[in-house]
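These notes are about the structure you will find just below.
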Amino acid sequence: MARNFRYGSAISTGYRVSGAVATLPILAAVVGCATSSPAAKTAADSAHVVAANRCADVEGDSNLNAVLSGEAVDYVKPLYANLSDPRGSQESQLRGATVMVRALPGMTAEWLDRQLKCHSATETLGQSEAPSTDPFFLPGTPVTIAVRPLGSAFAVDISAFPPKAAHRILNRANDWLASRAAAASL
C-alpha cells in the first residue's frame, strides 16, 4: 500500500508547516542516502560525496562556532512527517529534530546549510580535531540537513531514517542543548 508523505514540523503555536509530497519508499531512499548521489549507501559514503563536492573551500568562522557551541541556538523541537494513506487517515512519525538558530550578521540559509553539511561530513569521517556531541551528525547513520529561513532565525531540520535513528537525533539534540545551557550558566 502506497502512502503519501507530507513533510512538516509541529510548531508550538499549533500550526503545521508542510512541504513537498512524495511516496514513503522515495522518502526512505532520500533520507537514507542524505545526498543526491545514488551510489552513496552508508554514512561514510554520503560524507565522502559531500566533502568532495561541497566542502573544498569551506572554513569555519565565528558564526558557525556560535551555532555549534549553542550560543546562537534558541531551542530544539521534534521534527515530524505526516503520513496519510489512500483512505485519508493520517499518522505523524518522528523524523528527527528542528534546531532553531538565531540569524547572525552575514548569515544566510544557503551558507548555514553548506557549513552544517560540511561539518556533518567532517564529523562522520572522523576528520575533526575533537569528536562533537552536536546533533548535526549521527555516528554510523546518514542524516539529512535542510535549512529554512524563518523571519530573523533559521529552522535547521535534521532527519534520519529509520525512526530509531530519528529518536537518536532528537535525544542527541536535546542533550546537546541542555549541556550547552548548563555550561553557559556556570
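Chain labels run A, B, ... following the order of the C-alpha cells; each chain numbers its residues from 1, and ligands are numbered from 1 in the order shown.
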
Contacts of Asp113 of chain A at 10 Å (only C-alpha atoms; same-chain gap of 5+ positions) as a PyMOL selection string: chain A and resi 108+118-119+145-148+154+156-157

DSSP strand (DSSP E or B) residues within segment 83-151 of chain A, listed as an MDAnalysis selection string: chainID A and resid 83:84 90:102 138 141 144:150

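Comparing the minimum interatomic distances between Phe136 of chain A and each of A:Leu68, A:Leu104, A:Ala109, A:Leu150, counting only C-alpha atoms, we find that A:Leu68 sits nearest.
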
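Distance check against Pro139 of chain A using only C-alpha atoms: of A:Glu110, A:Asp45, A:Asp74, A:Glu123, the minimum falls on A:Glu123.
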
Non-local contacts of Pro78 of chain A (12 Å; only C-alpha atoms; under 4 positions in same chain excluded) as a ChimeraX atom specification: /A:8-12,92-100,155-159,166-174

All residues 9 Å or closer to Val73 of chain A, only C-alpha atoms, same chain fewer than 6 positions away omitted, as a count of residues only: 7
